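Heads up: the structure comes next, in structure tokens.
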Amino acid sequence: MKRTFRGLTMICFVQMIGFQCNSTATQMMAQKSDVPLVYKVENTGAKYAQPTFTPLAQLPEVNTLPDPFQWSNGKGKVKNFKQWAKRRAEIAHEIQRYEIGLKPTVPMEDIDARMSGDTLIVDVHVNGQTLTLSSKIFYPKAGAAPYPLMIGASVNALPNKFFTERNIAMMVYSERQVNSYSQMGRAAGRGNYAFDKLYPQLTENGAYSEWAWGFSRLLDGLQKLGPEVTKIDMSHIGVTGCSYAGKMALFCGAFDERVALTIAQEPGGGGAASWRVSRTLGNVENLDKTDYNWFKESMKVDFGEEKVNKLPHDRHELVAMCCPRALLLLGNPDYEWLADPSMYVSANAALKVWERFGIADRFGYSIVAGHGHCQLPEVQYPEVEAFIDKFLLGKDANTNVRIAPEDYSTKYDYNSWIQW
């Protein structure tokens, strides 16, 4: 298999025995200096009021992917980057309302943090209760502090050498400290998790809102202690995960704007794959066939089967919530359940957001066959390393990555799903 660099006038990507090129001019726009790479707060849209939601019975049916630029009330669209923060907040409200439940905010004064050796310990105080999170930081053996940090959601499935050779610190976010469900263990059930002791009124929540909440509390602890104590550079934080933890990484990165780089590895349905598109495919994870420990049970009731077209948003908008920050999606088409054709459509729809603001190099996807689940093949190393180099280390690297199987462009016409 031949691989090629993406040039200055044309984006080319090679997959298996063929290649495709995309000469979209906006993808080649220079990165705008007035568009931040990352933010210092969890949610820049917190100042905006929650949008008015249309009653379920009155939601219109939208058979294609909803316009990510259209305001929730249907009146007009985002006109410039300054307005994108408000639109991001609207998407976040919709996803919480219809899919995962509320991700509560926690004032920094309700966070206590300390280091015990190389272990970060964070106490979160809510409603007279305390939940304690801890995670060991693995520091580089060379380089100078403060260090960039890559956080593995549940586990880091990427090769450790990507980080050890670059003097990047690593840690793992153990989501079981918040909500103990995993595919490797039996679910305790709603209302019986550590999170529920703090928020007994939120037992309707799915795991992804609670896992994203816990991840943000770790970042609170790092931020509150500061680089002098933690030796961590808060402006260069990354998160990654694979499979169900790939979804987790995507939710964590989308819902916390202090994350500079998200790498969602084989996230499957409920991650980056469009709910609408997935329903048109075969035996894949879709809205009717997913684990409802992860989501609000009402989502299946309200938007199951053909009612999915009434969902006000779709997964391309979860993906777009990461904009203007960096995101790389990794796929594996050997596993039908992952619904990678749907992720391909969703990714190309989300790409339009980064393109709109002239920062298309901050978003990429690489869907490559020929390897085991969560086993990154060497052929995918270049794109992953490029994103790490550029967005955690500030190096010059080519991150215009658009890699997919050769037949995807003809079998899965993403333009037919994008009517805006």
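So you can find residues: chains in the structure tokens are A, B, ... in the order shown, residues in each start at 1, and ligands are numbered from 1 in order.
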Neighbour list for His316 (chain A) as a PDB file with N, CA and C atoms, in the first residue's frame, cut-off 10 Å, only C-alpha atoms, skip fewer than 5 positions in-chain:
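This is the output file selection_29.pdb:
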ATOM      1  N   LEU A  65     -29.064  14.891   7.501  1.00  0.00           N
ATOM      2  CA  LEU A  65     -28.391  15.355   8.713  1.00  0.00           C
ATOM      3  C   LEU A  65     -28.752  16.809   8.990  1.00  0.00           C
ATOM      4  N   PRO A  66     -29.165  17.124  10.218  1.00  0.00           N
ATOM      5  CA  PRO A  66     -29.538  18.503  10.551  1.00  0.00           C
ATOM      6  C   PRO A  66     -28.370  19.464  10.336  1.00  0.00           C
ATOM      7  N   ASP A  67     -28.711  20.698  10.042  1.00  0.00           N
ATOM      8  CA  ASP A  67     -27.720  21.737   9.802  1.00  0.00           C
ATOM      9  C   ASP A  67     -27.071  22.150  11.128  1.00  0.00           C
ATOM     10  N   PRO A  68     -25.766  21.920  11.303  1.00  0.00           N
ATOM     11  CA  PRO A  68     -25.131  22.268  12.573  1.00  0.00           C
ATOM     12  C   PRO A  68     -25.051  23.763  12.818  1.00  0.00           C
ATOM     13  N   GLY A 271     -21.122   6.977  19.047  1.00  0.00           N
ATOM     14  CA  GLY A 271     -19.952   7.841  19.123  1.00  0.00           C
ATOM     15  C   GLY A 271     -20.014   8.858  18.008  1.00  0.00           C
ATOM     16  N   ALA A 272     -19.205   8.647  16.959  1.00  0.00           N
ATOM     17  CA  ALA A 272     -19.189   9.588  15.840  1.00  0.00           C
ATOM     18  C   ALA A 272     -20.140   9.182  14.721  1.00  0.00           C
ATOM     19  N   ALA A 273     -20.618   7.943  14.730  1.00  0.00           N
ATOM     20  CA  ALA A 273     -21.494   7.462  13.656  1.00  0.00           C
ATOM     21  C   ALA A 273     -22.887   8.060  13.783  1.00  0.00           C
ATOM     22  N   SER A 274     -23.416   8.560  12.687  1.00  0.00           N
ATOM     23  CA  SER A 274     -24.732   9.198  12.684  1.00  0.00           C
ATOM     24  C   SER A 274     -25.830   8.197  13.016  1.00  0.00           C
ATOM     25  N   TRP A 275     -26.716   8.575  13.921  1.00  0.00           N
ATOM     26  CA  TRP A 275     -27.862   7.725  14.225  1.00  0.00           C
ATOM     27  C   TRP A 275     -28.706   7.496  12.975  1.00  0.00           C
ATOM     28  N   MET A 321     -18.895  19.737  18.153  1.00  0.00           N
ATOM     29  CA  MET A 321     -18.715  20.447  19.420  1.00  0.00           C
ATOM     30  C   MET A 321     -17.234  20.606  19.770  1.00  0.00           C
ATOM     31  N   SER A 342     -21.141   4.964   8.470  1.00  0.00           N
ATOM     32  CA  SER A 342     -21.921   6.039   9.086  1.00  0.00           C
ATOM     33  C   SER A 342     -21.003   7.093   9.684  1.00  0.00           C
ATOM     34  N   MET A 343     -19.890   6.650  10.312  1.00  0.00           N
ATOM     35  CA  MET A 343     -18.928   7.618  10.852  1.00  0.00           C
ATOM     36  C   MET A 343     -18.293   8.424   9.725  1.00  0.00           C
ATOM     37  N   TYR A 344     -18.060   7.785   8.593  1.00  0.00           N
ATOM     38  CA  TYR A 344     -17.497   8.473   7.426  1.00  0.00           C
ATOM     39  C   TYR A 344     -18.409   9.604   6.974  1.00  0.00           C
ATOM     40  N   VAL A 345     -19.719   9.326   6.886  1.00  0.00           N
ATOM     41  CA  VAL A 345     -20.685  10.357   6.497  1.00  0.00           C
ATOM     42  C   VAL A 345     -20.722  11.468   7.549  1.00  0.00           C
ATOM     43  N   SER A 346     -20.797  11.071   8.803  1.00  0.00           N
ATOM     44  CA  SER A 346     -20.866  12.035   9.894  1.00  0.00           C
ATOM     45  C   SER A 346     -19.609  12.904   9.941  1.00  0.00           C
ATOM     46  N   ALA A 347     -18.446  12.287   9.735  1.00  0.00           N
ATOM     47  CA  ALA A 347     -17.185  13.031   9.780  1.00  0.00           C
ATOM     48  C   ALA A 347     -17.129  14.078   8.683  1.00  0.00           C
ATOM     49  N   ASN A 348     -17.568  13.726   7.494  1.00  0.00           N
ATOM     50  CA  ASN A 348     -17.534  14.691   6.391  1.00  0.00           C
ATOM     51  C   ASN A 348     -18.552  15.806   6.578  1.00  0.00           C
ATOM     52  N   ALA A 349     -19.640  15.506   7.273  1.00  0.00           N
ATOM     53  CA  ALA A 349     -20.596  16.567   7.600  1.00  0.00           C
ATOM     54  C   ALA A 349     -19.994  17.499   8.660  1.00  0.00           C
ATOM     55  N   ALA A 350     -19.379  16.923   9.689  1.00  0.00           N
ATOM     56  CA  ALA A 350     -18.771  17.740  10.744  1.00  0.00           C
ATOM     57  C   ALA A 350     -17.613  18.573  10.216  1.00  0.00           C
ATOM     58  N   LEU A 351     -16.891  18.026   9.254  1.00  0.00           N
ATOM     59  CA  LEU A 351     -15.753  18.742   8.679  1.00  0.00           C
ATOM     60  C   LEU A 351     -16.153  20.115   8.156  1.00  0.00           C
ATOM     61  N   LYS A 352     -17.392  20.250   7.705  1.00  0.00           N
ATOM     62  CA  LYS A 352     -17.866  21.530   7.174  1.00  0.00           C
ATOM     63  C   LYS A 352     -17.765  22.644   8.219  1.00  0.00           C
ATOM     64  N   VAL A 353     -17.847  22.281   9.496  1.00  0.00           N
ATOM     65  CA  VAL A 353     -17.764  23.293  10.558  1.00  0.00           C
ATOM     66  C   VAL A 353     -16.341  23.818  10.651  1.00  0.00           C
TER      67      VAL A 353
END
Each residue of region 72-149 of chain A lying at most 12 Å from region 35-39 of chain A should get a row with its shortest atom-to-atom pair and the distance in Å to one decimal, counting only C-alpha atoms; could you produce that, ordered by chain and increasing number, as CSV?
residue,atom,partner,partner_atom,distance
A:Asn80,CA,A:Val35,CA,11.2
A:Phe81,CA,A:Val35,CA,7.9
A:Lys82,CA,A:Val35,CA,9.2
A:Trp84,CA,A:Val35,CA,10.9
A:Ala85,CA,A:Tyr39,CA,11.3
With C-alpha atoms kept, could you save the residues just selected as a PDB file, in the first residue's frame?
ATOM      1  CA  ASN A  80     -19.392  33.983  12.180  1.00  0.00           C
ATOM      2  CA  PHE A  81     -16.998  32.259  14.561  1.00  0.00           C
ATOM      3  CA  LYS A  82     -17.957  34.486  17.495  1.00  0.00           C
ATOM      4  CA  TRP A  84     -20.200  29.432  17.290  1.00  0.00           C
ATOM      5  CA  ALA A  85     -19.743  29.326  21.094  1.00  0.00           C
TER       6      ALA A  85
END
Problem set entry | All strand (DSSP E) residues (DSSP, backbone) inside region 15-195 of chain A, as an MDAnalysis selection string | chainID A and resid 15 18:22 111:116 119:126 129:138 147:153 169:173
Dump of N, CA and C atoms for the selected residues, as a CSV table (one decimal), in the first residue's frame:
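Wrote out28.csv, looks like this:
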chain,number,residue,atom,x,y,z
A,15,GLN,N,-5.9,4.5,0.5
A,15,GLN,CA,-6.4,3.4,1.4
A,15,GLN,C,-6.4,2.1,0.6
A,18,GLY,N,-6.1,2.0,-3.6
A,18,GLY,CA,-6.5,3.1,-4.5
A,18,GLY,C,-6.3,4.4,-3.7
A,19,PHE,N,-6.6,5.5,-4.4
A,19,PHE,CA,-6.6,6.8,-3.7
A,19,PHE,C,-7.7,7.7,-4.3
A,20,GLN,N,-8.1,8.7,-3.5
A,20,GLN,CA,-9.0,9.7,-3.9
A,20,GLN,C,-8.5,11.1,-3.5
A,21,CYS,N,-9.0,12.1,-4.2
A,21,CYS,CA,-8.5,13.4,-4.0
A,21,CYS,C,-9.7,14.4,-3.8
A,22,ASN,N,-9.5,15.3,-2.9
A,22,ASN,CA,-10.5,16.3,-2.7
A,22,ASN,C,-9.9,17.7,-2.8
A,111,ILE,N,-14.2,22.1,44.8
A,111,ILE,CA,-13.2,21.2,44.4
A,111,ILE,C,-12.0,21.3,45.3
A,112,ASP,N,-11.6,20.2,45.9
A,112,ASP,CA,-10.3,20.2,46.6
A,112,ASP,C,-9.4,19.2,45.9
A,113,ALA,N,-8.1,19.6,45.7
A,113,ALA,CA,-7.2,18.8,45.0
A,113,ALA,C,-5.8,18.8,45.7
A,114,ARG,N,-5.2,17.6,45.5
A,114,ARG,CA,-3.8,17.5,46.1
A,114,ARG,C,-3.1,16.4,45.3
A,115,MET,N,-1.8,16.4,45.5
A,115,MET,CA,-0.9,15.4,44.9
A,115,MET,C,-0.4,14.5,46.0
A,116,SER,N,-0.5,13.2,45.9
A,116,SER,CA,0.2,12.2,46.8
A,116,SER,C,1.2,11.5,46.0
A,119,THR,N,0.4,10.9,42.2
A,119,THR,CA,-1.1,10.6,42.1
A,119,THR,C,-1.9,11.9,42.4
A,120,LEU,N,-2.7,12.2,41.4
A,120,LEU,CA,-3.6,13.4,41.6
A,120,LEU,C,-4.9,12.9,42.3
A,121,ILE,N,-5.3,13.6,43.3
A,121,ILE,CA,-6.5,13.2,44.1
A,121,ILE,C,-7.4,14.4,44.1
A,122,VAL,N,-8.6,14.2,43.7
A,122,VAL,CA,-9.6,15.3,43.6
A,122,VAL,C,-10.8,14.9,44.5
A,123,ASP,N,-11.2,15.8,45.4
A,123,ASP,CA,-12.4,15.6,46.2
A,123,ASP,C,-13.5,16.6,45.6
A,124,VAL,N,-14.6,16.1,45.2
A,124,VAL,CA,-15.7,16.8,44.7
A,124,VAL,C,-16.8,16.9,45.7
A,125,HIS,N,-17.2,18.1,46.2
A,125,HIS,CA,-18.2,18.2,47.2
A,125,HIS,C,-19.5,18.7,46.6
A,126,VAL,N,-20.6,17.9,46.7
A,126,VAL,CA,-21.9,18.3,46.2
A,126,VAL,C,-23.0,17.8,47.1
A,129,GLN,N,-22.3,15.7,50.1
A,129,GLN,CA,-21.6,14.5,49.8
A,129,GLN,C,-20.2,14.8,49.2
A,130,THR,N,-19.3,13.8,49.3
A,130,THR,CA,-18.0,13.9,48.6
A,130,THR,C,-17.7,12.7,47.8
A,131,LEU,N,-17.3,12.9,46.6
A,131,LEU,CA,-16.8,11.9,45.7
A,131,LEU,C,-15.3,12.1,45.4
A,132,THR,N,-14.5,11.1,45.6
A,132,THR,CA,-13.0,11.3,45.5
A,132,THR,C,-12.6,10.5,44.2
A,133,LEU,N,-11.9,11.3,43.4
A,133,LEU,CA,-11.3,10.7,42.2
A,133,LEU,C,-9.8,10.7,42.3
A,134,SER,N,-9.1,9.7,41.8
A,134,SER,CA,-7.6,9.7,41.8
A,134,SER,C,-7.1,9.1,40.6
A,135,SER,N,-5.9,9.5,40.2
A,135,SER,CA,-5.3,9.0,39.0
A,135,SER,C,-3.8,9.3,39.0
A,136,LYS,N,-3.0,8.3,38.8
A,136,LYS,CA,-1.5,8.5,38.8
A,136,LYS,C,-1.1,9.1,37.5
A,137,ILE,N,-0.2,10.0,37.6
A,137,ILE,CA,0.4,10.7,36.4
A,137,ILE,C,1.8,10.0,36.2
A,138,PHE,N,2.0,9.6,35.0
A,138,PHE,CA,3.2,9.0,34.6
A,138,PHE,C,4.0,10.1,33.8
A,147,TYR,N,4.6,19.6,31.4
A,147,TYR,CA,4.5,18.6,30.3
A,147,TYR,C,3.1,18.6,29.7
A,148,PRO,N,3.0,18.4,28.4
A,148,PRO,CA,1.7,18.0,27.8
A,148,PRO,C,1.2,16.7,28.5
A,149,LEU,N,-0.1,16.5,28.4
A,149,LEU,CA,-0.7,15.3,29.1
A,149,LEU,C,-1.7,14.7,28.2
A,150,MET,N,-1.6,13.3,28.0
A,150,MET,CA,-2.6,12.5,27.3
A,150,MET,C,-3.3,11.7,28.3
A,151,ILE,N,-4.6,11.8,28.4
A,151,ILE,CA,-5.4,11.1,29.3
A,151,ILE,C,-6.1,9.9,28.6
A,152,GLY,N,-6.0,8.7,29.1
A,152,GLY,CA,-6.7,7.6,28.5
A,152,GLY,C,-8.0,7.4,29.2
A,153,ALA,N,-9.1,7.4,28.4
A,153,ALA,CA,-10.4,7.1,28.9
A,153,ALA,C,-10.5,5.6,29.2
A,169,ALA,N,3.4,13.5,29.3
A,169,ALA,CA,2.9,12.8,30.5
A,169,ALA,C,1.7,12.0,30.1
A,170,MET,N,1.4,11.0,30.9
A,170,MET,CA,0.2,10.1,30.6
A,170,MET,C,-0.5,9.9,31.9
A,171,MET,N,-1.8,9.7,31.9
A,171,MET,CA,-2.6,9.2,33.0
A,171,MET,C,-3.8,8.5,32.5
A,172,VAL,N,-4.5,7.7,33.3
A,172,VAL,CA,-5.7,7.0,32.9
A,172,VAL,C,-6.9,7.5,33.8
A,173,TYR,N,-8.0,7.8,33.2
A,173,TYR,CA,-9.2,8.2,33.9
A,173,TYR,C,-10.0,6.9,34.1
For this session: Please identify which residues in region 188-363 of chain A DSSP calls helix (DSSP H, G or I) from the backbone, and express them as a PyMOL selection string.
Result: chain A and resi 194-198+200-202+207-225+227-230+244-254+275-278+297-303+305-310+315-320+336-338+340-356+360-362
Considering only C-alpha atoms, give me a table of residues in region 195-277 of chain A that are at most 12 Å from region 379-386 of chain A, with the closest atom pair and distance in Å for each, as a tab-separated table.
residue	atom	partner	partner_atom	distance
A:Thr240	CA	A:Val384	CA	11.0
A:Leu261	CA	A:Val384	CA	10.9
A:Thr262	CA	A:Val384	CA	10.8
A:Ile263	CA	A:Val384	CA	8.2
A:Ala264	CA	A:Val384	CA	10.7
A:Gln265	CA	A:Val384	CA	10.3
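Compared by their closest atoms to Phe295 (chain A), and using only C-alpha atoms, the residues A:Ala207, A:Leu158, A:Ala360, A:Leu376 rank with A:Ala207 nearest.
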Problem set entry | Nearest to Pro227 (chain A), chosen from A:Ala145, A:Tyr193, A:Arg166, A:Asn293, with only C-alpha atoms counted in the distances |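 Counting only C-alpha atoms, the residue closest to Pro227 (chain A) is A:Ala145.
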